[in-house]
>>> print(open('entry_32.csv').read())   # CSV, C-alpha atoms
chain,number,residue,atom,x,y,z
A,1,MET,CA,-3.6,-44.8,41.5
A,2,ILE,CA,-7.2,-45.7,42.0
A,3,TYR,CA,-8.1,-42.1,41.1
A,4,LEU,CA,-6.3,-42.4,37.9
A,5,GLN,CA,-8.0,-45.7,37.0
A,6,LEU,CA,-11.4,-44.2,37.8
A,7,PHE,CA,-10.7,-41.2,35.7
A,8,TRP,CA,-9.5,-43.2,32.8
A,9,SER,CA,-12.3,-45.7,32.9
A,10,PHE,CA,-15.0,-43.0,32.9
A,11,PHE,CA,-13.2,-41.0,30.3
A,12,GLN,CA,-13.4,-43.9,27.9
A,13,ILE,CA,-17.1,-44.4,28.8
A,14,GLY,CA,-17.7,-40.7,28.0
A,15,LEU,CA,-15.7,-40.9,24.8
A,16,PHE,CA,-17.3,-43.9,23.3
A,17,SER,CA,-21.0,-43.7,24.3
A,18,PHE,CA,-22.8,-42.5,21.2
A,19,GLY,CA,-26.6,-42.1,21.0
A,20,GLY,CA,-27.7,-41.1,24.5
A,21,GLY,CA,-30.1,-43.0,26.8
A,22,LEU,CA,-28.9,-46.5,27.4
A,23,ALA,CA,-26.0,-46.3,25.0
A,24,ALA,CA,-23.5,-46.0,27.9
A,25,LEU,CA,-24.8,-49.2,29.5
A,26,PRO,CA,-22.6,-51.8,27.8
A,27,LEU,CA,-19.5,-49.5,28.2
A,28,ILE,CA,-20.1,-49.0,31.9
A,29,GLN,CA,-20.6,-52.8,32.4
A,30,ASN,CA,-17.5,-53.5,30.4
A,31,GLN,CA,-15.3,-51.1,32.5
A,32,VAL,CA,-16.9,-51.4,35.9
A,33,VAL,CA,-17.9,-55.1,36.1
A,34,ASP,CA,-15.7,-56.9,33.5
A,35,ILE,CA,-12.4,-55.1,33.5
A,36,HIS,CA,-12.0,-53.7,37.0
A,37,GLY,CA,-14.5,-55.6,39.1
A,38,TRP,CA,-15.5,-52.5,41.0
A,39,LEU,CA,-19.1,-53.7,41.1
A,40,THR,CA,-20.6,-57.2,40.8
A,41,LEU,CA,-23.2,-57.8,38.1
A,42,SER,CA,-25.9,-57.7,40.7
A,43,GLU,CA,-24.7,-54.4,42.2
A,44,PHE,CA,-24.5,-53.1,38.6
A,45,ALA,CA,-28.1,-54.1,38.0
A,46,ASP,CA,-29.1,-52.2,41.3
A,47,LEU,CA,-27.2,-49.2,39.9
A,48,ILE,CA,-29.2,-49.3,36.7
A,49,SER,CA,-32.5,-49.5,38.6
A,50,ILE,CA,-31.4,-46.6,40.8
A,51,SER,CA,-30.3,-44.6,37.7
A,52,GLU,CA,-33.6,-45.1,36.0
A,53,MET,CA,-35.5,-43.8,39.1
A,54,THR,CA,-33.4,-40.7,39.7
A,55,PRO,CA,-32.8,-37.7,37.4
A,56,GLY,CA,-29.6,-37.4,35.4
A,57,PRO,CA,-27.8,-39.4,32.7
A,58,ILE,CA,-26.7,-43.0,33.5
A,59,ALA,CA,-23.0,-42.2,32.9
A,60,ILE,CA,-23.0,-39.4,35.5
A,61,ASN,CA,-25.0,-41.5,37.9
A,62,SER,CA,-22.7,-44.4,37.5
A,63,ALA,CA,-19.6,-42.3,37.8
A,64,THR,CA,-20.8,-40.8,41.1
A,65,PHE,CA,-22.0,-44.2,42.4
A,66,VAL,CA,-18.9,-46.2,41.5
A,67,GLY,CA,-16.6,-43.3,42.6
A,68,THR,CA,-18.2,-43.1,46.0
A,69,GLN,CA,-18.2,-46.9,46.5
A,70,ILE,CA,-14.5,-47.2,45.5
A,71,ALA,CA,-12.9,-44.0,46.7
A,72,GLY,CA,-15.4,-41.8,48.5
A,73,LEU,CA,-16.4,-38.3,47.5
A,74,ARG,CA,-13.1,-37.5,45.9
A,75,GLY,CA,-13.5,-40.6,43.7
A,76,ALA,CA,-17.0,-39.5,42.8
A,77,LEU,CA,-15.8,-36.1,41.7
A,78,ILE,CA,-12.9,-37.5,39.7
A,79,ALA,CA,-15.0,-40.2,37.9
A,80,THR,CA,-17.7,-37.7,37.1
A,81,PHE,CA,-15.1,-35.2,35.8
A,82,GLY,CA,-13.6,-38.0,33.6
A,83,SER,CA,-17.0,-38.9,32.2
A,84,ILE,CA,-17.8,-35.3,31.0
A,85,LEU,CA,-14.4,-34.2,29.8
A,86,PRO,CA,-14.5,-35.9,26.4
A,87,ALA,CA,-17.9,-34.4,25.7
A,88,CYS,CA,-16.6,-30.9,26.6
A,89,LEU,CA,-13.8,-31.3,24.0
A,90,ILE,CA,-15.7,-33.0,21.2
A,91,VAL,CA,-18.9,-31.0,21.5
A,92,SER,CA,-16.9,-27.8,20.9
A,93,LEU,CA,-15.1,-29.3,18.0
A,94,LEU,CA,-18.4,-30.5,16.4
A,95,ALA,CA,-20.1,-27.2,17.0
A,96,TRP,CA,-17.2,-25.5,15.1
A,97,LEU,CA,-17.4,-28.0,12.3
A,98,TYR,CA,-21.2,-27.7,12.2
A,99,VAL,CA,-21.1,-23.9,11.8
A,100,ARG,CA,-18.7,-24.3,8.9
A,101,TYR,CA,-20.2,-27.2,7.0
A,102,LYS,CA,-23.8,-27.4,8.4
A,103,GLU,CA,-24.2,-31.0,7.0
A,104,VAL,CA,-21.4,-33.2,8.1
A,105,THR,CA,-21.9,-36.4,6.0
A,106,VAL,CA,-19.1,-38.4,7.6
A,107,ILE,CA,-20.5,-37.8,11.1
A,108,LYS,CA,-23.9,-38.8,10.0
A,109,GLY,CA,-22.4,-42.0,8.5
A,110,VAL,CA,-20.6,-42.8,11.7
A,111,LEU,CA,-23.9,-42.4,13.6
A,112,ALA,CA,-25.8,-44.5,11.1
A,113,GLY,CA,-23.2,-47.2,11.6
A,114,LEU,CA,-23.3,-46.9,15.3
A,115,ARG,CA,-27.1,-47.0,15.8
A,116,PRO,CA,-27.5,-50.7,15.1
A,117,THR,CA,-24.2,-51.4,16.9
A,118,VAL,CA,-25.2,-49.7,20.1
A,119,MET,CA,-28.6,-51.5,19.9
A,120,ALA,CA,-26.8,-54.9,19.7
A,121,LEU,CA,-24.5,-54.0,22.6
A,122,ILE,CA,-27.3,-52.9,24.8
A,123,LEU,CA,-29.1,-56.2,24.0
A,124,SER,CA,-26.0,-58.1,25.0
A,125,ALA,CA,-25.7,-56.1,28.3
A,126,GLY,CA,-29.4,-56.5,28.9
A,127,LEU,CA,-29.3,-60.2,28.4
A,128,SER,CA,-26.7,-60.6,31.1
A,129,ILE,CA,-28.9,-58.7,33.6
A,130,LEU,CA,-31.9,-60.7,32.5
A,131,ALA,CA,-30.1,-64.0,33.0
A,132,LEU,CA,-29.0,-62.7,36.5
A,133,SER,CA,-32.6,-61.9,37.3
A,134,PHE,CA,-34.1,-65.1,36.0
A,135,LEU,CA,-31.4,-67.6,36.9
A,136,GLY,CA,-29.0,-65.9,39.4
A,137,GLN,CA,-26.1,-66.2,37.0
A,138,ASP,CA,-24.8,-64.0,34.1
A,139,ARG,CA,-25.6,-66.4,31.2
A,140,PHE,CA,-28.5,-68.4,29.9
A,141,THR,CA,-26.9,-71.8,30.4
A,142,GLY,CA,-27.4,-74.9,32.4
A,143,ASN,CA,-30.4,-75.9,34.4
A,144,LEU,CA,-33.7,-74.1,34.1
A,145,MET,CA,-34.6,-75.6,37.5
A,146,SER,CA,-33.4,-72.5,39.3
A,147,LEU,CA,-35.7,-70.3,37.2
A,148,ASP,CA,-37.1,-67.5,39.3
A,149,PHE,CA,-40.8,-67.4,38.3
A,150,ILE,CA,-41.5,-64.2,40.1
A,151,ALA,CA,-38.9,-62.4,38.1
A,152,VAL,CA,-40.2,-63.9,34.8
A,153,ILE,CA,-43.7,-62.8,35.6
A,154,ILE,CA,-42.6,-59.3,36.6
A,155,PHE,CA,-40.5,-59.0,33.4
A,156,ILE,CA,-43.4,-60.1,31.1
A,157,ALA,CA,-46.0,-58.0,32.9
A,158,GLY,CA,-43.7,-55.0,32.9
A,159,LEU,CA,-42.9,-55.3,29.2
A,160,ILE,CA,-46.6,-55.6,28.3
A,161,LEU,CA,-47.5,-52.6,30.5
A,162,LEU,CA,-44.7,-50.5,28.9
A,163,ARG,CA,-45.5,-51.4,25.3
A,164,LYS,CA,-49.3,-51.6,25.4
A,165,LEU,CA,-50.3,-49.1,28.0
A,166,LYS,CA,-47.2,-46.8,27.7
A,167,ILE,CA,-46.8,-46.6,31.5
A,168,GLN,CA,-43.9,-44.5,32.7
A,169,PRO,CA,-40.7,-46.6,33.3
A,170,ILE,CA,-40.3,-45.2,36.8
A,171,MET,CA,-43.8,-46.5,37.7
A,172,ILE,CA,-42.8,-50.0,36.4
A,173,LEU,CA,-39.7,-49.9,38.6
A,174,LEU,CA,-41.6,-48.8,41.7
A,175,GLY,CA,-44.3,-51.4,41.0
A,176,SER,CA,-41.9,-54.3,40.4
A,177,GLY,CA,-39.9,-53.3,43.5
A,178,ILE,CA,-42.9,-53.3,45.7
A,179,ILE,CA,-44.8,-56.3,44.3
A,180,GLY,CA,-41.7,-58.4,43.6
A,181,GLY,CA,-40.2,-57.5,46.9
A,182,ALA,CA,-43.4,-58.5,48.8
A,183,CYS,CA,-43.5,-61.8,47.0
A,184,TYR,CA,-39.8,-62.6,47.8
A,185,ILE,CA,-40.3,-61.7,51.5
A,186,LEU,CA,-43.5,-63.8,51.7
A,187,ILE,CA,-41.7,-66.8,50.1
A,188,GLN,CA,-38.8,-66.5,52.4
A,189,HIS,CA,-41.2,-66.2,55.4
A,190,PHE,CA,-43.0,-69.4,54.5
A,191,ALA,CA,-39.9,-71.3,53.6
A,192,SER,CA,-38.3,-70.7,57.0
B,193,MET,CA,-27.2,-12.2,27.3
B,194,GLU,CA,-25.2,-9.7,29.3
B,195,ARG,CA,-22.3,-11.3,31.1
B,196,ASN,CA,-22.9,-10.4,34.8
B,197,VAL,CA,-23.2,-12.4,38.0
B,198,LYS,CA,-27.0,-12.2,37.9
B,199,ASN,CA,-27.2,-13.9,34.5
B,200,TYR,CA,-24.6,-16.5,35.4
B,201,LEU,CA,-26.7,-17.3,38.4
B,202,LYS,CA,-29.8,-17.5,36.3
B,203,LEU,CA,-28.1,-19.9,33.9
B,204,PHE,CA,-26.9,-22.0,36.8
B,205,ILE,CA,-30.4,-22.2,38.4
B,206,SER,CA,-32.1,-23.0,35.0
B,207,THR,CA,-29.8,-25.9,34.2
B,208,PHE,CA,-29.9,-27.1,37.7
B,209,LEU,CA,-33.7,-27.2,37.8
B,210,VAL,CA,-34.0,-28.9,34.4
B,211,SER,CA,-31.4,-31.5,35.4
B,212,ALA,CA,-33.0,-32.1,38.8
B,213,PHE,CA,-36.5,-32.7,37.6
B,214,THR,CA,-35.9,-34.6,34.3
B,215,PHE,CA,-36.3,-38.3,34.7
B,216,GLY,CA,-35.6,-40.7,31.8
B,217,GLY,CA,-32.3,-39.5,30.4
B,218,GLY,CA,-31.1,-38.0,27.1
B,219,TYR,CA,-34.2,-38.2,24.9
B,220,VAL,CA,-36.3,-36.3,27.5
B,221,ILE,CA,-33.8,-33.6,28.4
B,222,ALA,CA,-33.5,-32.1,25.0
B,223,PRO,CA,-37.2,-31.1,24.8
B,224,MET,CA,-37.0,-29.9,28.4
B,225,MET,CA,-34.1,-27.6,27.6
B,226,LYS,CA,-35.9,-26.3,24.6
B,227,LYS,CA,-38.9,-25.5,26.7
B,228,LYS,CA,-36.8,-23.7,29.3
B,229,PHE,CA,-34.5,-21.6,27.1
B,230,VAL,CA,-36.7,-21.1,24.0
B,231,GLU,CA,-40.2,-20.8,25.3
B,232,GLU,CA,-39.7,-19.6,28.9
B,233,LEU,CA,-36.5,-17.5,29.0
B,234,ARG,CA,-36.6,-16.7,25.2
B,235,CYS,CA,-32.8,-16.3,25.1
B,236,ILE,CA,-32.2,-18.8,22.3
B,237,ASP,CA,-34.3,-19.0,19.1
B,238,GLU,CA,-35.9,-22.2,18.0
B,239,GLU,CA,-33.6,-22.9,15.0
B,240,GLU,CA,-30.5,-22.4,17.1
B,241,MET,CA,-31.9,-24.8,19.7
B,242,LEU,CA,-32.6,-27.4,17.0
B,243,ASN,CA,-29.0,-27.1,15.8
B,244,ILE,CA,-27.7,-27.4,19.4
B,245,ILE,CA,-29.8,-30.6,19.9
B,246,ALA,CA,-28.5,-32.1,16.6
B,247,ILE,CA,-24.9,-31.5,17.6
B,248,ALA,CA,-25.5,-32.8,21.2
B,249,GLN,CA,-27.0,-36.0,19.8
B,250,SER,CA,-24.1,-36.5,17.3
B,251,SER,CA,-21.5,-36.2,20.0
B,252,PRO,CA,-20.4,-38.9,22.4
B,253,GLY,CA,-21.4,-38.7,26.0
B,254,ALA,CA,-24.6,-37.9,27.8
B,255,ILE,CA,-27.0,-35.8,25.7
B,256,ALA,CA,-28.0,-33.7,28.8
B,257,VAL,CA,-24.4,-32.6,29.4
B,258,ASN,CA,-23.7,-32.0,25.7
B,259,THR,CA,-26.8,-29.8,25.3
B,260,SER,CA,-26.0,-27.8,28.4
B,261,ILE,CA,-22.4,-27.2,27.2
B,262,LEU,CA,-23.7,-25.8,23.9
B,263,VAL,CA,-26.5,-23.7,25.5
B,264,GLY,CA,-24.1,-22.2,28.1
B,265,TRP,CA,-21.5,-21.5,25.4
B,266,GLN,CA,-24.1,-19.9,23.1
B,267,LEU,CA,-25.4,-17.6,25.8
B,268,MET,CA,-22.2,-16.6,27.7
B,269,GLY,CA,-19.1,-18.2,26.2
B,270,ILE,CA,-16.7,-20.6,28.0
B,271,LEU,CA,-17.6,-19.4,31.5
B,272,GLY,CA,-21.3,-19.9,30.6
B,273,ALA,CA,-20.5,-23.4,29.4
B,274,LEU,CA,-18.8,-24.2,32.7
B,275,VAL,CA,-21.6,-22.8,34.7
B,276,SER,CA,-24.2,-24.8,32.9
B,277,ILE,CA,-22.2,-28.0,33.1
B,278,LEU,CA,-22.0,-27.5,36.8
B,279,GLY,CA,-25.8,-26.9,37.0
B,280,THR,CA,-26.4,-30.1,35.0
B,281,VAL,CA,-24.0,-32.3,36.8
B,282,LEU,CA,-24.6,-31.3,40.4
B,283,PRO,CA,-28.1,-32.8,40.9
B,284,PRO,CA,-27.2,-36.3,39.9
B,285,LEU,CA,-23.9,-36.0,41.7
B,286,ILE,CA,-25.5,-35.0,45.0
B,287,ILE,CA,-28.4,-37.5,44.7
B,288,LEU,CA,-26.3,-40.5,43.7
B,289,SER,CA,-23.5,-39.9,46.3
B,290,VAL,CA,-26.2,-39.8,49.1
B,291,ILE,CA,-27.8,-43.0,47.7
B,292,SER,CA,-24.4,-44.6,47.4
B,293,LEU,CA,-23.7,-44.0,51.0
B,294,PHE,CA,-27.1,-45.5,52.1
B,295,TYR,CA,-26.7,-48.4,49.6
B,296,SER,CA,-23.6,-49.7,51.4
B,297,ALA,CA,-25.4,-49.5,54.7
B,298,VAL,CA,-28.7,-51.2,53.7
B,299,ARG,CA,-27.6,-53.6,50.9
B,300,ASN,CA,-27.8,-56.6,53.2
B,301,ASN,CA,-31.1,-55.7,54.7
B,302,THR,CA,-33.8,-58.3,53.8
B,303,VAL,CA,-36.5,-55.9,52.7
B,304,VAL,CA,-34.1,-53.7,50.6
B,305,ASN,CA,-32.7,-56.8,49.1
B,306,ALA,CA,-36.1,-58.1,48.1
B,307,LEU,CA,-37.1,-54.7,46.7
B,308,LEU,CA,-33.9,-54.5,44.6
B,309,LYS,CA,-34.4,-58.0,43.4
B,310,GLY,CA,-38.0,-57.2,42.2
B,311,MET,CA,-36.7,-54.0,40.6
B,312,MET,CA,-34.0,-55.9,38.7
B,313,ALA,CA,-36.8,-57.8,36.8
B,314,GLY,CA,-38.5,-54.4,36.2
B,315,VAL,CA,-35.4,-52.7,34.9
B,316,CYS,CA,-35.0,-55.6,32.5
B,317,ALA,CA,-38.5,-54.9,31.2
B,318,VAL,CA,-37.5,-51.2,30.7
B,319,ILE,CA,-34.3,-52.1,28.9
B,320,PHE,CA,-36.1,-54.5,26.5
B,321,ASP,CA,-38.9,-52.1,25.9
B,322,VAL,CA,-36.2,-49.6,24.6
B,323,LEU,CA,-34.5,-52.4,22.6
B,324,ILE,CA,-37.8,-53.4,20.9
B,325,SER,CA,-38.4,-49.8,19.8
B,326,MET,CA,-34.8,-49.3,18.6
B,327,GLY,CA,-34.7,-52.7,16.9
B,328,SER,CA,-38.0,-52.4,15.1
B,329,LYS,CA,-36.9,-49.1,13.6
B,330,ILE,CA,-33.7,-50.7,12.2
B,331,VAL,CA,-35.5,-53.8,10.9
B,332,VAL,CA,-38.3,-51.8,9.3
B,333,GLU,CA,-35.8,-49.9,7.1
B,334,LYS,CA,-34.8,-53.3,5.6
B,335,LYS,CA,-31.3,-52.2,4.8
B,336,LEU,CA,-28.6,-54.9,4.8
B,337,LEU,CA,-25.7,-53.0,6.4
B,338,PRO,CA,-27.4,-52.0,9.7
B,339,ILE,CA,-28.6,-55.6,10.1
B,340,LEU,CA,-25.2,-57.0,9.4
B,341,LEU,CA,-23.6,-54.5,11.8
B,342,MET,CA,-26.1,-55.4,14.5
B,343,LEU,CA,-25.4,-59.2,14.1
B,344,PHE,CA,-21.6,-58.6,14.1
B,345,ALA,CA,-21.7,-56.4,17.2
B,346,PHE,CA,-24.0,-58.8,19.1
B,347,LEU,CA,-21.9,-61.9,18.3
B,348,ALA,CA,-18.6,-60.1,19.0
B,349,HIS,CA,-19.8,-58.9,22.4
B,350,TYR,CA,-22.1,-61.6,23.6
B,351,ILE,CA,-20.3,-64.7,22.3
B,352,TYR,CA,-16.7,-63.7,21.9
B,353,ARG,CA,-16.6,-61.0,24.6
B,354,VAL,CA,-14.7,-58.5,22.5
B,355,ASN,CA,-14.0,-55.2,24.2
B,356,VAL,CA,-17.0,-52.8,23.5
B,357,ILE,CA,-14.6,-50.0,22.5
B,358,TYR,CA,-13.1,-52.0,19.6
B,359,ILE,CA,-16.6,-52.9,18.3
B,360,ILE,CA,-17.7,-49.3,18.4
B,361,LEU,CA,-14.5,-48.2,16.6
B,362,ILE,CA,-14.9,-50.8,13.9
B,363,CYS,CA,-18.6,-50.2,13.2
B,364,GLY,CA,-18.2,-46.4,13.4
B,365,THR,CA,-15.4,-46.6,10.8
B,366,ILE,CA,-17.5,-48.9,8.5
B,367,GLY,CA,-20.4,-46.4,8.8
B,368,ALA,CA,-18.1,-43.5,7.9
B,369,LEU,CA,-16.5,-45.3,4.9
B,370,VAL,CA,-19.9,-46.3,3.5
B,371,SER,CA,-21.2,-42.8,3.8
B,372,ILE,CA,-18.2,-41.4,2.0
B,373,TYR,CA,-18.5,-44.1,-0.7
B,374,GLU,CA,-22.3,-43.5,-1.2
B,375,SER,CA,-21.9,-39.7,-1.4
B,376,LYS,CA,-19.3,-39.8,-4.1
B,377,PRO,CA,-21.3,-40.9,-7.2
B,378,GLU,CA,-23.9,-38.2,-6.6
B,379,ARG,CA,-21.3,-35.5,-6.7
B,380,ASP,CA,-19.9,-36.9,-10.0
B,381,LYS,CA,-23.2,-36.9,-11.7
B,382,PRO,CA,-23.7,-33.7,-13.8
B,383,GLY,CA,-26.7,-31.5,-13.1
B,384,ARG,CA,-27.3,-32.6,-9.6
>>> encode(input="entry_32.csv", output="structure tokens")
Amino acid sequence: MIYLQLFWSFFQIGLFSFGGGLAALPLIQNQVVDIHGWLTLSEFADLISISEMTPGPIAINSATFVGTQIAGLRGALIATFGSILPACLIVSLLAWLYVRYKEVTVIKGVLAGLRPTVMALILSAGLSILALSFLGQDRFTGNLMSLDFIAVIIFIAGLILLRKLKIQPIMILLGSGIIGGACYILIQHFAS
Amino acid sequence: MERNVKNYLKLFISTFLVSAFTFGGGYVIAPMMKKKFVEELRCIDEEEMLNIIAIAQSSPGAIAVNTSILVGWQLMGILGALVSILGTVLPPLIILSVISLFYSAVRNNTVVNALLKGMMAGVCAVIFDVLISMGSKIVVEKKLLPILLMLFAFLAHYIYRVNVIYIILICGTIGALVSIYESKPERDKPGR
């Protein structure tokens, strides 16, 4: 039963993630955190960090990670298989259409409609992780007293480094892990 | 390419290496595949590769997987496609299942916890960096429809928590309908 659920969830993620890169992020969060509760939001954020630091697409990384956590190696294989099956079918269909018509206007239209949509969905998913990082909860509501200043500073510094100096994302992750981690450990040390 | 064991093995090793050493997801893998199969192995010509990348980016699912299905298919038919899928999926599958096993064991370790907490703020910076790039492209175009779709998708997901799949279906359909509507008058005009 759990195998079937894993397969079906990742099949949907594979089927509906258009645009590559982070496009799968909101779909994975929807299936894995919101609908099935296989990961907490915080575990999901860890998964995204790990995915960005390792090779391979986020959808495959998530399928393997969630599959292993929930149902061991067999779960990982089934979830991964589910996530690539739609692509196998649709890519062949599109390749056939492309050879016949070269310019497929409708598909271009679908993609043009989805580009802003996917951007908005990634924003929504990103905001919930940002709220978790800044406030320890999944929404920007309530008291700002619990604001985590270390996280805020790392976020702003990271964003500036990425945009102005074009530093590799993997370096930002390593840096924020080491510097942020050291700060958190020091604070804990002095608090106790 | 001749269909013998040696060439299947070559295809497997090529896709495996590209997948294992490409960090940063879909947008990076396409140029890497191009470099490997067009410039290094010279078994696909440049124009074919551009078509392959166009189809891969138009299909749902991870761009890396889509590209490798098409490359494998082009070179050695269905078996070739299966071999190159295997080569592409195995590296993240192996890496993430190992990490997943360690993750459960060390999640509650203070140092690992602090590291992951720091990385959470860093990964937010990476996500918002991508979002700023995507969003500014959409805003610069100054077209009404993409901006409306973006607003609709964001409100529906963030405020009303509508299932991501419905939002994607609705916005994709709108994009398709608009493209059909826009392409019609041109066809009717004489001499165009």
>>> closest_residue(input="entry_32.csv", among="B:Tyr295, B:Phe229, B:Trp265, B:Phe346", to="chain A", atoms="all atoms listed in the file")
B:Phe346
>>> atom_distance(input="entry_32.csv", atom1="atom CA of Val318 of chain B", atom2="atom CA of Leu162 of chain A")
7.5 Å
>>> atom_distance(input="entry_32.csv", atom1="atom CA of Gly20 of chain A", atom2="atom CA of Gly253 of chain B")
6.9 Å
>>> closest_residue(input="entry_32.csv", among="B:Leu293, B:Met312, B:Ser276, B:Phe204", to="Ile150 of chain A", atoms="only C-alpha atoms")
B:Met312
>>> closest_residue(input="entry_32.csv", among="B:Tyr200, B:Phe344, B:Phe208, B:Phe215", to="chain A", atoms="all atoms listed in the file")
B:Phe215
>>> residues_near_point(input="entry_32.csv", point="(-24.3, -38.6, 8.8)", cutoff="12 Å", atoms="all atoms listed in the file", output="PyMOL selection string")
(chain A and resi 98+102-115) or (chain B and resi 246-247+249-251+364+367-372+374-375)
>>> residues_near_point(input="entry_32.csv", point="(-12.2, -42.4, 27.9)", cutoff="9 Å", atoms="only C-alpha atoms", output="NGL selection string")
:A and (7-16 or 82-83 or 85-86)
>>> residues_around(input="entry_32.csv", residues="segment 177-189 of chain A", least_positions_apart="4", cutoff="6 Å", atoms="all atoms listed in the file", output="number ranges by chain")
A: 173; B: 306-307, 310-311
>>> atom_distance(input="entry_32.csv", atom1="atom CA of Leu336 of chain B", atom2="atom CA of Ala131 of chain A")
29.7 Å
>>> residues_around(input="entry_32.csv", residues="Thr214 of chain B", least_positions_apart="5", cutoff="10 Å", atoms="all atoms listed in the file", output="list in words")
Thr54, Pro55, Gly56 and Pro57 of chain A; Leu209, Val220, Ile221, Ala222, Met224, Met225 and Ala256 of chain B
>>> closest_residue(input="entry_32.csv", among="B:Val210, B:Leu340, B:Ala297, B:Ala254", to="chain A", atoms="all atoms listed in the file")
B:Ala254
>>> residues_around(input="entry_32.csv", residues="Val263 of chain B", least_positions_apart="4", cutoff="12 Å", atoms="all atoms listed in the file", output="ChimeraX atom specification")
/A:91-92,95 /B:193,203-204,206-207,222,225-226,228-230,235-237,240-245,247-248,256-259,267-277,279-280
>>> closest_residue(input="entry_32.csv", among="A:Leu4, A:Ile90, A:Ile84, A:Leu121", to="Arg353 of chain B", atoms="all atoms listed in the file")
A:Leu121
>>> closest_residue(input="entry_32.csv", among="B:Ser328, B:Ser292, B:Asn196, B:Gln266", to="chain A", atoms="all atoms listed in the file")
B:Ser292
>>> residues_around(input="entry_32.csv", residues="Ser296 of chain B", least_positions_apart="5", cutoff="12 Å", atoms="only C-alpha atoms", output="PyMOL selection string")
(chain A and resi 39+43+46+65-66+68-70+72) or (chain B and resi 289-291+301+304-305)
>>> build_atoms(input="entry_32.csv", residues="segment 60-73 of chain A", atoms="N, CA and C atoms", output="PDB file, in the coordinates of the input")
ATOM      1  N   ILE A  60     -23.315 -40.225  34.338  1.00  0.00           N
ATOM      2  CA  ILE A  60     -23.000 -39.400  35.500  1.00  0.00           C
ATOM      3  C   ILE A  60     -23.391 -40.145  36.786  1.00  0.00           C
ATOM      4  N   ASN A  61     -24.597 -40.737  36.769  1.00  0.00           N
ATOM      5  CA  ASN A  61     -25.000 -41.500  37.900  1.00  0.00           C
ATOM      6  C   ASN A  61     -24.059 -42.617  38.270  1.00  0.00           C
ATOM      7  N   SER A  62     -23.611 -43.337  37.260  1.00  0.00           N
ATOM      8  CA  SER A  62     -22.700 -44.400  37.500  1.00  0.00           C
ATOM      9  C   SER A  62     -21.343 -43.932  38.010  1.00  0.00           C
ATOM     10  N   ALA A  63     -20.857 -42.838  37.400  1.00  0.00           N
ATOM     11  CA  ALA A  63     -19.600 -42.300  37.800  1.00  0.00           C
ATOM     12  C   ALA A  63     -19.622 -41.917  39.302  1.00  0.00           C
ATOM     13  N   THR A  64     -20.700 -41.261  39.702  1.00  0.00           N
ATOM     14  CA  THR A  64     -20.800 -40.800  41.100  1.00  0.00           C
ATOM     15  C   THR A  64     -20.948 -42.065  42.017  1.00  0.00           C
ATOM     16  N   PHE A  65     -21.794 -43.018  41.622  1.00  0.00           N
ATOM     17  CA  PHE A  65     -22.000 -44.200  42.400  1.00  0.00           C
ATOM     18  C   PHE A  65     -20.758 -45.026  42.611  1.00  0.00           C
ATOM     19  N   VAL A  66     -20.142 -45.354  41.486  1.00  0.00           N
ATOM     20  CA  VAL A  66     -18.900 -46.200  41.500  1.00  0.00           C
ATOM     21  C   VAL A  66     -17.810 -45.429  42.255  1.00  0.00           C
ATOM     22  N   GLY A  67     -17.647 -44.142  41.912  1.00  0.00           N
ATOM     23  CA  GLY A  67     -16.600 -43.300  42.600  1.00  0.00           C
ATOM     24  C   GLY A  67     -16.761 -43.320  44.063  1.00  0.00           C
ATOM     25  N   THR A  68     -17.992 -43.111  44.546  1.00  0.00           N
ATOM     26  CA  THR A  68     -18.200 -43.100  46.000  1.00  0.00           C
ATOM     27  C   THR A  68     -17.938 -44.436  46.620  1.00  0.00           C
ATOM     28  N   GLN A  69     -18.393 -45.517  45.951  1.00  0.00           N
ATOM     29  CA  GLN A  69     -18.200 -46.900  46.500  1.00  0.00           C
ATOM     30  C   GLN A  69     -16.679 -47.187  46.593  1.00  0.00           C
ATOM     31  N   ILE A  70     -15.915 -46.777  45.579  1.00  0.00           N
ATOM     32  CA  ILE A  70     -14.500 -47.200  45.500  1.00  0.00           C
ATOM     33  C   ILE A  70     -13.601 -46.243  46.272  1.00  0.00           C
ATOM     34  N   ALA A  71     -13.835 -44.926  46.131  1.00  0.00           N
ATOM     35  CA  ALA A  71     -12.900 -44.000  46.700  1.00  0.00           C
ATOM     36  C   ALA A  71     -13.525 -42.746  47.317  1.00  0.00           C
ATOM     37  N   GLY A  72     -14.747 -42.890  47.835  1.00  0.00           N
ATOM     38  CA  GLY A  72     -15.400 -41.800  48.500  1.00  0.00           C
ATOM     39  C   GLY A  72     -15.743 -40.607  47.625  1.00  0.00           C
ATOM     40  N   LEU A  73     -15.972 -39.457  48.268  1.00  0.00           N
ATOM     41  CA  LEU A  73     -16.400 -38.300  47.500  1.00  0.00           C
ATOM     42  C   LEU A  73     -15.451 -37.842  46.475  1.00  0.00           C
TER      43      LEU A  73
END
